[in-house]
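Raw contents of protein-v6.cif, mmCIF, C-alpha atoms and all ligand atoms:
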data_structure
loop_
_atom_site.label_atom_id
_atom_site.label_comp_id
_atom_site.auth_asym_id
_atom_site.auth_seq_id
_atom_site.Cartn_x
_atom_site.Cartn_y
_atom_site.Cartn_z
CA MET A 1057 44.12 -45.37 34.53
CA ASN A 1058 42.43 -44.11 31.40
CA ASP A 1059 43.19 -43.75 27.73
CA ILE A 1060 42.44 -40.31 26.35
CA LEU A 1061 40.70 -40.91 23.03
CA PRO A 1062 40.56 -38.68 19.94
CA GLY A 1063 36.92 -37.80 20.68
CA ASP A 1064 37.98 -36.09 23.93
CA ILE A 1065 41.29 -34.61 22.92
CA ALA A 1066 39.89 -31.22 21.87
CA LYS A 1067 38.80 -30.68 25.49
CA TRP A 1068 42.27 -31.54 26.77
CA HIS A 1069 43.86 -29.12 24.31
CA PHE A 1070 41.40 -26.43 25.37
CA VAL A 1071 42.23 -26.93 29.06
CA GLU A 1072 46.01 -27.04 28.53
CA ASN A 1073 46.02 -24.04 26.16
CA THR A 1074 43.80 -22.00 28.49
CA ALA A 1075 46.14 -22.72 31.42
CA ARG A 1076 49.19 -21.69 29.37
CA ARG A 1077 47.43 -18.47 28.31
CA ILE A 1078 46.44 -17.51 31.86
CA PHE A 1079 49.83 -18.39 33.40
CA HIS A 1080 51.62 -16.39 30.72
CA ILE A 1081 49.53 -13.34 31.63
CA TYR A 1082 50.71 -13.69 35.26
CA GLY A 1083 54.37 -14.14 34.28
CA PHE A 1084 54.75 -17.89 34.98
CA THR A 1085 56.95 -20.19 32.89
CA GLU A 1086 56.92 -23.96 32.44
CA LEU A 1087 59.19 -26.48 34.12
CA ARG A 1088 58.94 -30.19 33.28
CA THR A 1089 60.20 -32.96 35.53
CA PRO A 1090 60.39 -36.73 35.04
CA VAL A 1091 57.47 -38.85 36.28
CA LEU A 1092 59.88 -41.01 38.29
CA GLU A 1093 61.76 -39.77 41.38
CA ARG A 1094 63.59 -41.34 44.28
CA THR A 1095 60.96 -42.52 46.78
CA GLU A 1096 62.78 -40.72 49.57
CA LEU A 1097 61.91 -37.34 48.01
CA PHE A 1098 58.22 -37.87 48.72
CA PHE A 1099 58.84 -39.21 52.24
CA ARG A 1100 60.73 -36.05 53.04
CA GLY A 1101 58.52 -33.69 51.05
CA ILE A 1102 54.95 -34.80 51.57
CA GLY A 1103 55.24 -36.48 54.99
CA ASP A 1104 55.43 -40.19 55.74
CA ASP A 1105 52.17 -40.40 57.65
CA THR A 1106 50.01 -38.86 54.95
CA ASP A 1107 47.67 -41.14 52.97
CA VAL A 1108 49.40 -40.16 49.75
CA VAL A 1109 52.78 -41.44 50.91
CA GLU A 1110 51.71 -44.18 53.27
CA LYS A 1111 49.04 -45.87 51.17
CA GLN A 1112 48.99 -44.50 47.66
CA MET A 1113 52.48 -44.42 46.20
CA TYR A 1114 53.54 -46.62 43.31
CA THR A 1115 57.04 -47.57 44.41
CA PHE A 1116 59.56 -50.11 43.22
CA THR A 1117 63.26 -50.83 43.27
CA ASP A 1118 65.04 -50.36 39.96
CA LYS A 1119 67.83 -52.55 38.57
CA SER A 1120 70.49 -50.67 40.55
CA GLY A 1121 68.61 -51.18 43.82
CA THR A 1122 67.38 -47.58 44.05
CA ALA A 1123 63.90 -47.12 45.53
CA VAL A 1124 61.92 -45.04 43.03
CA ALA A 1125 58.32 -43.87 42.88
CA LEU A 1126 55.92 -42.61 40.25
CA ARG A 1127 55.23 -39.04 41.37
CA PRO A 1128 51.99 -38.76 43.35
CA GLU A 1129 52.06 -34.95 42.99
CA ALA A 1130 54.30 -32.35 41.38
CA THR A 1131 55.36 -30.01 44.20
CA ALA A 1132 58.19 -32.12 45.64
CA SER A 1133 59.51 -32.88 42.13
CA VAL A 1134 59.46 -29.24 41.02
CA LEU A 1135 61.26 -28.15 44.19
CA ARG A 1136 63.82 -30.94 43.77
CA SER A 1137 64.48 -29.67 40.26
CA VAL A 1138 64.73 -26.00 41.33
CA ILE A 1139 67.24 -26.94 44.05
CA GLU A 1140 69.24 -29.33 41.84
CA HIS A 1141 69.67 -26.71 39.09
CA GLY A 1142 70.22 -23.77 41.46
CA LEU A 1143 67.42 -21.80 39.81
CA LEU A 1144 66.94 -19.60 42.89
CA GLY A 1145 70.56 -18.46 42.48
CA THR A 1146 69.71 -17.18 39.00
CA ASP A 1147 66.47 -15.52 40.08
CA PRO A 1148 65.37 -15.56 43.73
CA ILE A 1149 61.73 -15.44 42.63
CA GLN A 1150 60.60 -18.47 40.64
CA LYS A 1151 57.11 -18.63 39.12
CA LEU A 1152 56.67 -22.03 37.57
CA TYR A 1153 53.95 -24.23 36.17
CA SER A 1154 53.93 -27.88 35.10
CA MET A 1155 51.39 -30.25 33.59
CA GLY A 1156 51.34 -33.99 33.40
CA PRO A 1157 50.34 -37.34 34.84
CA MET A 1158 50.44 -38.12 38.59
CA PHE A 1159 49.95 -41.55 40.16
CA ARG A 1160 48.12 -42.50 43.34
CA TYR A 1161 46.97 -45.97 44.26
CA GLU A 1162 43.51 -44.90 45.37
CA ARG A 1163 40.13 -46.59 45.35
CA PRO A 1164 38.96 -45.54 41.89
CA GLN A 1165 35.63 -43.73 41.63
CA LYS A 1166 34.14 -40.91 39.60
CA GLY A 1167 36.71 -38.09 39.66
CA ARG A 1168 39.34 -40.20 41.43
CA TYR A 1169 41.78 -42.20 39.33
CA ARG A 1170 45.11 -43.94 39.76
CA GLN A 1171 46.73 -42.06 36.92
CA PHE A 1172 45.36 -38.55 36.72
CA HIS A 1173 46.69 -35.29 35.35
CA GLN A 1174 47.44 -32.06 37.14
CA ILE A 1175 48.06 -28.50 36.11
CA ASN A 1176 50.46 -27.46 38.84
CA VAL A 1177 51.82 -24.09 39.92
CA GLU A 1178 54.67 -23.25 42.29
CA ARG A 1179 55.79 -19.78 43.26
CA LEU A 1180 58.99 -19.51 45.27
CA GLY A 1181 60.85 -16.71 47.02
CA GLU A 1182 58.01 -14.45 48.16
CA ASP A 1183 56.28 -14.48 51.51
CA SER A 1184 53.99 -11.48 51.35
CA PRO A 1185 50.22 -11.94 51.75
CA SER A 1186 49.78 -10.26 48.35
CA SER A 1187 51.69 -13.07 46.64
CA ASP A 1188 49.37 -15.58 48.33
CA ALA A 1189 46.31 -13.67 47.17
CA GLU A 1190 47.68 -13.21 43.66
CA THR A 1191 48.35 -16.95 43.39
CA LEU A 1192 44.82 -17.76 44.54
CA SER A 1193 43.42 -15.18 42.15
CA MET A 1194 45.33 -16.81 39.28
CA ALA A 1195 43.71 -20.15 40.17
CA TYR A 1196 40.34 -18.44 40.20
CA ALA A 1197 41.05 -16.69 36.88
CA LEU A 1198 41.91 -20.05 35.31
CA ALA A 1199 38.68 -21.63 36.60
CA LEU A 1200 36.68 -18.73 35.12
CA ALA A 1201 38.53 -18.90 31.80
CA LEU A 1202 37.71 -22.62 31.66
CA GLY A 1203 34.04 -21.71 32.07
CA LEU A 1204 33.58 -23.68 35.32
CA LYS A 1205 30.30 -22.94 37.08
CA GLY A 1206 29.29 -22.68 40.74
CA LEU A 1207 32.82 -21.95 41.91
CA LYS A 1208 33.53 -21.81 45.61
CA MET A 1209 36.92 -20.76 46.98
CA GLU A 1210 37.47 -21.85 50.59
CA VAL A 1211 40.46 -20.54 52.51
CA ASN A 1212 42.04 -21.25 55.85
CA SER A 1213 45.30 -20.63 57.65
CA LEU A 1214 47.20 -23.55 59.16
CA GLY A 1215 49.56 -21.20 60.98
CA CYS A 1216 53.25 -21.82 61.55
CA ASP A 1217 54.90 -24.61 63.58
CA ASP A 1218 54.52 -22.60 66.79
CA CYS A 1219 50.81 -21.84 66.65
CA ARG A 1220 50.05 -25.27 65.23
CA GLN A 1221 51.62 -26.98 68.27
CA GLU A 1222 49.24 -25.13 70.58
CA PHE A 1223 46.30 -25.90 68.35
CA LYS A 1224 47.22 -29.61 68.18
CA ARG A 1225 47.26 -29.81 71.97
CA ALA A 1226 43.82 -28.17 72.19
CA LEU A 1227 42.43 -30.42 69.47
CA ILE A 1228 43.74 -33.62 71.06
CA ALA A 1229 42.25 -32.55 74.40
CA PHE A 1230 38.91 -31.91 72.67
CA LEU A 1231 38.93 -35.27 70.85
CA LYS A 1232 40.09 -37.30 73.83
CA ASP A 1233 36.67 -38.46 75.01
CA LYS A 1234 35.37 -38.78 71.43
CA GLU A 1235 38.02 -41.24 70.35
CA LYS A 1236 35.61 -44.18 70.33
CA SER A 1237 33.46 -42.59 67.63
CA LEU A 1238 36.42 -41.92 65.34
CA CYS A 1239 37.17 -44.21 62.36
CA SER A 1240 40.28 -46.41 62.63
CA ASP A 1241 42.30 -44.03 60.43
CA CYS A 1242 41.42 -41.09 62.64
CA SER A 1243 42.21 -42.99 65.86
CA ARG A 1244 45.70 -43.42 64.43
CA ARG A 1245 45.81 -39.83 63.16
CA MET A 1246 45.08 -38.63 66.72
CA LYS A 1247 48.65 -39.63 67.48
CA THR A 1248 50.39 -38.96 64.16
CA ASN A 1249 48.56 -36.07 62.52
CA PRO A 1250 45.53 -34.88 64.56
CA LEU A 1251 44.72 -32.03 62.17
CA ARG A 1252 43.68 -34.54 59.52
CA VAL A 1253 40.80 -35.68 61.74
CA LEU A 1254 39.21 -32.32 60.97
CA ASP A 1255 38.71 -33.07 57.31
CA CYS A 1256 37.84 -36.77 57.51
CA LYS A 1257 34.72 -37.49 55.43
CA VAL A 1258 33.41 -40.33 57.65
CA VAL A 1259 30.07 -39.24 59.18
CA SER A 1260 30.93 -40.25 62.78
CA CYS A 1261 34.21 -38.30 62.56
CA ARG A 1262 32.38 -35.28 61.17
CA GLN A 1263 30.00 -35.42 64.11
CA ALA A 1264 32.89 -35.87 66.55
CA VAL A 1265 34.64 -32.71 65.39
CA GLU A 1266 31.52 -30.55 65.64
CA GLY A 1267 32.37 -27.75 68.05
CA ALA A 1268 36.11 -28.51 67.84
CA PRO A 1269 38.45 -25.58 68.41
CA ALA A 1270 39.20 -23.54 65.26
CA ILE A 1271 42.83 -22.99 64.30
CA GLU A 1272 42.12 -19.32 63.60
CA ASP A 1273 41.76 -18.77 67.35
CA PHE A 1274 45.26 -20.16 67.91
CA LEU A 1275 47.18 -18.20 65.27
CA CYS A 1276 50.17 -16.27 66.57
CA GLU A 1277 50.30 -12.53 65.90
CA GLY A 1278 52.39 -12.92 62.71
CA CYS A 1279 50.16 -15.62 61.22
CA ARG A 1280 46.98 -13.78 62.16
CA VAL A 1281 48.14 -10.56 60.49
CA HIS A 1282 49.23 -12.56 57.43
CA TYR A 1283 45.84 -14.29 57.17
CA ASN A 1284 43.92 -11.02 57.52
CA LYS A 1285 46.05 -9.37 54.84
CA VAL A 1286 45.53 -12.32 52.47
CA GLN A 1287 41.78 -11.85 52.87
CA ASP A 1288 42.05 -8.08 52.23
CA ALA A 1289 44.17 -8.71 49.14
CA LEU A 1290 41.68 -11.30 47.85
CA ARG A 1291 38.96 -8.67 48.14
CA SER A 1292 41.16 -6.21 46.22
CA PHE A 1293 41.62 -8.84 43.49
CA ASP A 1294 37.84 -9.28 43.53
CA VAL A 1295 38.05 -13.00 44.30
CA PRO A 1296 35.02 -14.24 46.24
CA PHE A 1297 35.96 -16.63 49.06
CA GLU A 1298 34.68 -18.20 52.24
CA LYS A 1299 36.69 -19.03 55.33
CA ASN A 1300 36.63 -22.72 56.25
CA PRO A 1301 38.34 -23.42 59.59
CA ARG A 1302 38.07 -27.19 58.90
CA LEU A 1303 40.14 -27.04 55.69
CA VAL A 1304 43.30 -29.00 56.45
CA ARG A 1305 44.36 -30.71 53.17
CA GLY A 1306 46.03 -34.06 52.81
CA LEU A 1307 49.69 -33.12 52.44
CA ASP A 1308 51.91 -32.26 55.38
CA TYR A 1309 53.96 -29.39 54.00
CA TYR A 1310 51.41 -26.59 54.28
CA THR A 1311 51.85 -23.60 56.56
CA LYS A 1312 49.66 -20.50 56.83
CA THR A 1313 47.37 -19.99 53.78
CA THR A 1314 45.61 -23.06 52.35
CA PHE A 1315 42.73 -23.17 49.92
CA GLU A 1316 40.45 -25.37 47.89
CA LEU A 1317 38.36 -24.52 44.86
CA THR A 1318 35.19 -26.52 44.26
CA ALA A 1319 32.85 -26.46 41.28
CA GLU A 1320 29.26 -27.49 40.71
CA GLY A 1321 28.50 -30.78 38.98
CA LEU A 1322 31.25 -33.04 40.28
CA GLY A 1323 29.48 -34.99 43.01
CA SER A 1324 31.47 -36.01 46.06
CA GLN A 1325 34.93 -35.42 44.51
CA ASN A 1326 34.16 -31.78 43.93
CA ALA A 1327 37.58 -30.15 44.45
CA VAL A 1328 38.91 -29.00 41.10
CA ALA A 1329 41.96 -27.40 42.68
CA GLY A 1330 43.74 -27.10 45.98
CA GLY A 1331 46.95 -25.73 47.37
CA GLY A 1332 48.60 -23.44 49.83
CA ARG A 1333 51.73 -21.95 51.28
CA TYR A 1334 54.73 -23.97 52.40
CA ASP A 1335 57.33 -22.01 54.33
CA ASN A 1336 59.67 -24.90 55.24
CA LEU A 1337 59.54 -27.30 52.30
CA VAL A 1338 62.39 -25.92 50.17
CA LYS A 1339 64.70 -26.07 53.18
CA THR A 1340 63.48 -29.54 54.17
CA LEU A 1341 64.38 -30.75 50.68
CA GLY A 1342 67.92 -29.40 50.99
CA GLY A 1343 67.47 -25.98 49.41
CA PRO A 1344 67.79 -22.44 50.79
CA ASP A 1345 65.43 -21.13 53.46
CA VAL A 1346 62.88 -19.84 50.98
CA SER A 1347 59.12 -19.99 51.23
CA GLY A 1348 56.64 -20.85 48.53
CA ILE A 1349 53.03 -21.25 47.60
CA GLY A 1350 51.30 -23.27 44.91
CA PHE A 1351 48.26 -25.18 43.78
CA ALA A 1352 47.17 -27.91 41.44
CA PHE A 1353 44.05 -28.48 39.31
CA GLY A 1354 42.93 -32.01 38.44
CA ILE A 1355 42.46 -32.03 34.66
CA GLU A 1356 40.06 -35.02 34.58
CA ARG A 1357 37.70 -33.19 36.93
CA ILE A 1358 37.75 -30.11 34.69
CA ILE A 1359 37.11 -32.24 31.59
CA MET A 1360 34.06 -33.79 33.28
CA LEU A 1361 32.56 -30.31 33.55
CA LEU A 1362 33.18 -29.11 30.00
CA ASP A 1363 30.29 -29.41 27.59
CA HIS A 1364 31.75 -27.73 24.57
CA HIS A 1365 32.23 -29.62 21.35
CA ALA A 1366 35.28 -30.05 19.20
CA PRO A 1367 35.94 -26.90 17.18
CA GLU A 1368 34.85 -27.11 13.55
CA LYS A 1369 37.59 -28.53 11.36
CA LYS A 1370 39.00 -26.23 8.71
CA GLY A 1371 40.28 -27.90 5.57
CA CYS A 1372 39.58 -30.23 2.67
CA PHE A 1373 39.09 -33.88 1.96
CA VAL A 1374 40.53 -34.78 -1.43
CA VAL A 1375 38.61 -37.43 -3.38
CA LEU A 1376 40.34 -38.91 -6.42
CA GLN A 1377 39.46 -41.23 -9.26
CA GLU A 1378 41.54 -44.38 -9.57
CA ASP A 1379 43.96 -43.49 -12.34
CA ASP A 1380 47.76 -43.11 -12.26
CA ALA A 1381 47.81 -39.64 -13.74
CA VAL A 1382 45.03 -38.43 -11.40
CA GLN A 1383 46.81 -40.04 -8.47
CA ALA A 1384 50.04 -38.14 -9.23
CA TRP A 1385 48.08 -34.91 -9.60
CA ALA A 1386 46.26 -35.54 -6.30
CA LEU A 1387 49.57 -35.83 -4.48
CA GLU A 1388 50.58 -32.46 -5.91
CA VAL A 1389 47.25 -30.94 -4.81
CA LEU A 1390 47.67 -32.33 -1.28
CA SER A 1391 51.17 -30.84 -1.07
CA MET A 1392 49.96 -27.51 -2.44
CA LEU A 1393 47.22 -27.31 0.20
CA ARG A 1394 49.52 -28.28 3.06
CA THR A 1395 52.22 -25.85 1.92
CA ALA A 1396 49.52 -23.18 2.20
CA TYR A 1397 48.78 -24.49 5.78
CA ILE A 1398 45.38 -25.78 4.72
CA PRO A 1399 44.68 -29.14 6.43
CA ALA A 1400 44.13 -31.80 3.77
CA GLU A 1401 43.50 -35.53 3.78
CA ALA A 1402 42.77 -38.25 1.26
CA ALA A 1403 41.82 -41.92 1.49
CA PHE A 1404 43.94 -43.79 -1.02
CA LYS A 1405 42.87 -47.14 -2.46
CA LYS A 1406 39.20 -46.80 -1.67
CA SER A 1407 36.41 -46.78 -4.23
CA PHE A 1408 35.18 -43.37 -5.35
CA LYS A 1409 31.91 -43.93 -3.49
CA ALA A 1410 33.70 -44.94 -0.27
CA GLN A 1411 35.95 -41.88 -0.53
CA MET A 1412 32.89 -39.63 -0.88
CA ARG A 1413 31.35 -41.28 2.17
CA LYS A 1414 34.56 -40.74 4.12
CA ALA A 1415 34.67 -37.09 3.00
CA GLY A 1416 31.13 -36.65 4.28
CA LYS A 1417 32.09 -38.00 7.69
CA SER A 1418 35.47 -36.24 7.85
CA GLY A 1419 34.17 -33.06 9.47
CA TYR A 1420 35.94 -30.94 6.83
CA PRO A 1421 33.73 -28.34 5.16
CA LEU A 1422 35.17 -28.84 1.66
CA CYS A 1423 35.78 -31.77 -0.62
CA ILE A 1424 38.09 -31.46 -3.64
CA ILE A 1425 37.17 -33.89 -6.42
CA LEU A 1426 39.85 -34.87 -8.89
CA GLY A 1427 38.98 -37.12 -11.85
CA GLN A 1428 40.00 -37.68 -15.44
CA ALA A 1429 37.43 -35.13 -16.63
CA GLU A 1430 38.94 -32.48 -14.34
CA LEU A 1431 42.47 -33.44 -15.38
CA GLU A 1432 41.64 -33.08 -19.09
CA LYS A 1433 39.94 -29.70 -18.63
CA SER A 1434 42.61 -28.54 -16.16
CA MET A 1435 39.83 -27.82 -13.68
CA VAL A 1436 39.17 -28.73 -10.05
CA THR A 1437 35.75 -29.55 -8.59
CA ILE A 1438 35.10 -28.12 -5.14
CA LYS A 1439 32.13 -29.52 -3.27
CA ASP A 1440 30.86 -27.63 -0.25
CA LEU A 1441 29.92 -30.45 2.13
CA ARG A 1442 27.74 -28.19 4.25
CA ASP A 1443 25.13 -27.56 1.55
CA SER A 1444 26.27 -30.02 -1.18
CA SER A 1445 26.75 -27.18 -3.70
CA GLN A 1446 29.48 -27.80 -6.26
CA ILE A 1447 31.61 -25.56 -8.44
CA GLN A 1448 34.44 -26.01 -10.92
CA VAL A 1449 37.40 -23.65 -11.01
CA SER A 1450 40.60 -23.63 -13.04
CA ARG A 1451 43.65 -25.30 -11.51
CA THR A 1452 45.40 -21.95 -11.18
CA GLU A 1453 42.44 -20.37 -9.38
CA ALA A 1454 41.81 -23.36 -7.07
CA LEU A 1455 43.92 -22.37 -4.06
CA LYS A 1456 42.53 -18.83 -3.96
CA LYS A 1457 38.96 -20.09 -4.20
CA ILE A 1458 39.46 -22.79 -1.50
CA ARG A 1459 40.94 -20.21 0.83
CA SER A 1460 38.10 -17.78 0.37
CA MET A 1461 35.51 -20.55 0.87
CA LEU A 1462 37.26 -21.62 4.10
CA ASP A 1463 37.47 -18.02 5.29
CA LYS A 1464 33.71 -17.76 4.85
CA GLN A 1465 33.29 -20.89 7.01
CA GLY A 1466 32.10 -18.95 10.06
CA GLU A 1467 29.57 -16.93 8.03
CA LYS A 1468 28.09 -20.00 6.36
CA LYS A 1469 27.22 -21.74 9.65
P1 LIG B 1501 45.98 -32.25 45.93
O1 LIG B 1501 44.85 -31.60 46.64
O2 LIG B 1501 46.43 -33.56 46.41
O3 LIG B 1501 47.17 -31.21 45.94
O4 LIG B 1501 45.59 -32.39 44.41
C1 LIG B 1501 45.17 -31.26 43.65
C2 LIG B 1501 44.01 -31.61 42.73
O5 LIG B 1501 44.34 -32.78 41.96
C3 LIG B 1501 42.73 -32.02 43.46
O6 LIG B 1501 41.99 -30.89 43.85
C4 LIG B 1501 42.01 -32.82 42.40
O7 LIG B 1501 41.36 -31.96 41.47
C5 LIG B 1501 43.16 -33.51 41.67
N1 LIG B 1501 43.33 -34.91 42.15
C6 LIG B 1501 43.97 -35.35 43.24
N2 LIG B 1501 43.94 -36.70 43.34
C7 LIG B 1501 43.24 -37.12 42.25
C8 LIG B 1501 42.85 -38.41 41.75
N3 LIG B 1501 43.20 -39.54 42.36
N4 LIG B 1501 42.13 -38.46 40.59
C9 LIG B 1501 41.79 -37.33 39.94
N5 LIG B 1501 42.13 -36.10 40.35
C10 LIG B 1501 42.84 -35.98 41.48
C11 LIG B 1501 48.41 -31.46 45.42
O8 LIG B 1501 48.68 -32.40 44.72
C12 LIG B 1501 49.42 -30.38 45.74
N6 LIG B 1501 50.72 -30.81 45.19
C13 LIG B 1501 48.99 -29.05 45.20
C14 LIG B 1501 49.99 -27.98 45.47
C15 LIG B 1501 50.88 -27.46 44.61
N7 LIG B 1501 50.19 -27.41 46.65
C16 LIG B 1501 51.17 -26.56 46.54
N8 LIG B 1501 51.62 -26.58 45.32
#

Is it possible to express this structure as C-alpha cells?
Ligand code: HAM
Amino acid sequence: MNDILPGDIAKWHFVENTARRIFHIYGFTELRTPVLERTELFFRGIGDDTDVVEKQMYTFTDKSGTAVALRPEATASVLRSVIEHGLLGTDPIQKLYSMGPMFRYERPQKGRYRQFHQINVERLGEDSPSSDAETLSMAYALALALGLKGLKMEVNSLGCDDCRQEFKRALIAFLKDKEKSLCSDCSRRMKTNPLRVLDCKVVSCRQAVEGAPAIEDFLCEGCRVHYNKVQDALRSFDVPFEKNPRLVRGLDYYTKTTFELTAEGLGSQNAVAGGGRYDNLVKTLGGPDVSGIGFAFGIERIIMLLDHHAPEKKGCFVVLQEDDAVQAWALEVLSMLRTAYIPAEAAFKKSFKAQMRKAGKSGYPLCIILGQAELEKSMVTIKDLRDSSQIQVSRTEALKKIRSMLDKQGEKK
C-alpha cells in the first residue's frame, strides 16, 4: 500500500482528468460507492473459487457481526448500487464510471499492490455487439489520450453458459493426461474452474495447454455471430486488436466478449486494463435480467508509464520585510491576488534572505517584494524569477502588470 506524494500528484490529476474528459465525450457519468461492502456480495458476484475472492480479499466482521470486505474490484459494488437505487427503472441504459482504491491481498511486486486504484467503467442494458465494440474503443481512446505506447488490445469470446459447458468438457478431456505437469493451483482448477488453467503463467502449465482446444471452435451460433460482429465493429471504430483464444481473465462473471489492453514498458504485469461482457451478473446480484459490459484500468500501472513533468506553476511568491505595516499590506496583496484567481503564497516569520531562497525554489515564475521602501513610495517590486529581471510598478498598476507577465509565461519559456 503506497502513499501518493506531492511530487507525483500532477500525474494522478492528469490521469483522472483525462479519464473524465474521455468518458464525458462518450456520455458516461460518475457513480461512487463505499470501499466497504458485505463480503457476500463478492462471493456471489466474482465467484468463490476465483483467486480474488478465495485468497485475496481483506475481510473482517464488524461490531454488529456483519462480514464485510474491502472491495477487491468495483463491478460488483457498482451493480449493487444500481440495483439498490433502482437506477435501471429510471433509465434502462446506464453508462457509469468510478475511480478509487481497491484492495487485494496479493504478493506485492512491481505493478501489483495490495491497495491499488482503478478507473472503472460499467455499461448496463445493452447487448448489441456495437456496444461491446464502443466500450472497447473507449478504453483504447483513453489509453491513447494518456499517451501510452506499444498498445496491444487482445480480445476473446468466452461464450455463454451453453457453449462453455461443451468447451469445459473438451478442455478437461485434453488436460486429463497432462494433470501431473500442472501446478497445484491448476490441478485444483481442473475441477473447479478449468478455463483458468488456460491463462496460468507457470511455465509447465503453459506447455501443458499448448495445442489445447480453442473456445472459438465451441461457440454456439448466437455467440459466434456476436463475436464476429464485435470484430467488425472494432474495425469500423478503427481499433487495432488481436484475437487471443487463451484470454480467460480472473473473474468468473464474464460471458462472450473479453479483452485485455497491454502497454510497453511494464514488465511482467503489463495489463493496463481488462474487462468484458457479463450477461448474468445483474440478475445473479438480485437485479433485473439485464446484461452489461465494462472494464477497469489500473492507475498505478499508467503512472509508471508517464514521463511528463508537473505543469509549470502560474502565480507569485510574496516576499515581505519584517515590519508590522508591511505585514498588514502583504496580507492585503495576498488577498488581492487570490481574489483575482492568481495563486499566491508567502512564508511568514522567515528572514528576508530565507524568503527569497524559498521564492526561488517555489516554482512560481514571479516574486513580489514588499518592503518599507516600497510602502513609502506606494510601489511594488516584481522580480521575474526566470531571468532575475526586476521592475517597480505603482500599487494601482501592480495587478494588471502581474497578470500580463503571467500571461506571457508561455512565450518567455
Ligand atoms: P482486473 O483485470 O482484475 O479486472 O483488474 C483491472 C486492472 O486493474 C488490471 O488490468 C490492472 O491494470 C489493475 N490491477 C489489478 N490488480 C492490481 C494490483 N494488485 N495492483 C495494481 N494494479 C492492479 C477487474 O477488476 C474488473 N472488475 C474489470 C471490469 C469492470 N470488468 C467488467 N467491468

Each residue of range 1334-1437 of chain A lying at most 9 Å from range 1172-1180 of chain A should get a row with its shortest atom-to-atom pair and the distance in Å to one decimal, counting all atoms listed in the file; could you produce that, ordered by chain and increasing number, as CSV?
residue,atom,partner,partner_atom,distance
A:Val1338,CA,A:Leu1180,CA,8.8
A:Val1346,CA,A:Leu1180,CA,6.9
A:Ser1347,CA,A:Leu1180,CA,6.0
A:Gly1348,CA,A:Leu1180,CA,4.2
A:Ile1349,CA,A:Arg1179,CA,5.3
A:Gly1350,CA,A:Glu1178,CA,4.3
A:Phe1351,CA,A:Val1177,CA,5.4
A:Ala1352,CA,A:Asn1176,CA,4.2
A:Phe1353,CA,A:Ile1175,CA,5.1
A:Gly1354,CA,A:Gln1174,CA,4.7
A:Ile1355,CA,A:His1173,CA,5.4
A:Glu1356,CA,A:His1173,CA,6.7

Which residues form the shell of 9 Å around ligand LIG 1501 (chain B) when you count all atoms listed in the file, given as number ranges by chain?
-> A: 1102, 1108, 1128-1132, 1158-1179, 1305-1307, 1309-1310, 1314, 1316-1318, 1325-1334, 1348-1358

Which residue out of A:Val1109, A:Ile1078, A:Leu1144, A:Ala1066 has the minimum interatomic distance to Ser1193 in chain A when only C-alpha atoms are used?
->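 The answer is A:Ile1078, which sits nearest to Ser1193 in chain A.
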
Distance of CA of Met1435 in chain A from CA of Ala1454 in chain A, expressed in Å to one decimal place = 8.2 Å

Do a neighbour search on Ala1189 in chain A at 12 Å with all atoms listed in the file, toss out local chain neighbours closer than 4 positions, and write the hits as a ChimeraX atom specification.
-> /A:1179,1182-1185,1193-1197,1209,1211,1282-1297,1313-1315,1332-1333,1349-1350

Preceding selection exported with C-alpha atoms as a PDB file, in the coordinates of the input:
ATOM      1  CA  ARG A1179      55.790 -19.780  43.260  1.00  0.00           C
ATOM      2  CA  GLU A1182      58.010 -14.450  48.160  1.00  0.00           C
ATOM      3  CA  ASP A1183      56.280 -14.480  51.510  1.00  0.00           C
ATOM      4  CA  SER A1184      53.990 -11.480  51.350  1.00  0.00           C
ATOM      5  CA  PRO A1185      50.220 -11.940  51.750  1.00  0.00           C
ATOM      6  CA  SER A1193      43.420 -15.180  42.150  1.00  0.00           C
ATOM      7  CA  MET A1194      45.330 -16.810  39.280  1.00  0.00           C
ATOM      8  CA  ALA A1195      43.710 -20.150  40.170  1.00  0.00           C
ATOM      9  CA  TYR A1196      40.340 -18.440  40.200  1.00  0.00           C
ATOM     10  CA  ALA A1197      41.050 -16.690  36.880  1.00  0.00           C
ATOM     11  CA  MET A1209      36.920 -20.760  46.980  1.00  0.00           C
ATOM     12  CA  VAL A1211      40.460 -20.540  52.510  1.00  0.00           C
ATOM     13  CA  HIS A1282      49.230 -12.560  57.430  1.00  0.00           C
ATOM     14  CA  TYR A1283      45.840 -14.290  57.170  1.00  0.00           C
ATOM     15  CA  ASN A1284      43.920 -11.020  57.520  1.00  0.00           C
ATOM     16  CA  LYS A1285      46.050  -9.370  54.840  1.00  0.00           C
ATOM     17  CA  VAL A1286      45.530 -12.320  52.470  1.00  0.00           C
ATOM     18  CA  GLN A1287      41.780 -11.850  52.870  1.00  0.00           C
ATOM     19  CA  ASP A1288      42.050  -8.080  52.230  1.00  0.00           C
ATOM     20  CA  ALA A1289      44.170  -8.710  49.140  1.00  0.00           C
ATOM     21  CA  LEU A1290      41.680 -11.300  47.850  1.00  0.00           C
ATOM     22  CA  ARG A1291      38.960  -8.670  48.140  1.00  0.00           C
ATOM     23  CA  SER A1292      41.160  -6.210  46.220  1.00  0.00           C
ATOM     24  CA  PHE A1293      41.620  -8.840  43.490  1.00  0.00           C
ATOM     25  CA  ASP A1294      37.840  -9.280  43.530  1.00  0.00           C
ATOM     26  CA  VAL A1295      38.050 -13.000  44.300  1.00  0.00           C
ATOM     27  CA  PRO A1296      35.020 -14.240  46.240  1.00  0.00           C
ATOM     28  CA  PHE A1297      35.960 -16.630  49.060  1.00  0.00           C
ATOM     29  CA  THR A1313      47.370 -19.990  53.780  1.00  0.00           C
ATOM     30  CA  THR A1314      45.610 -23.060  52.350  1.00  0.00           C
ATOM     31  CA  PHE A1315      42.730 -23.170  49.920  1.00  0.00           C
ATOM     32  CA  GLY A1332      48.600 -23.440  49.830  1.00  0.00           C
ATOM     33  CA  ARG A1333      51.730 -21.950  51.280  1.00  0.00           C
ATOM     34  CA  ILE A1349      53.030 -21.250  47.600  1.00  0.00           C
ATOM     35  CA  GLY A1350      51.300 -23.270  44.910  1.00  0.00           C
TER      36      GLY A1350
END
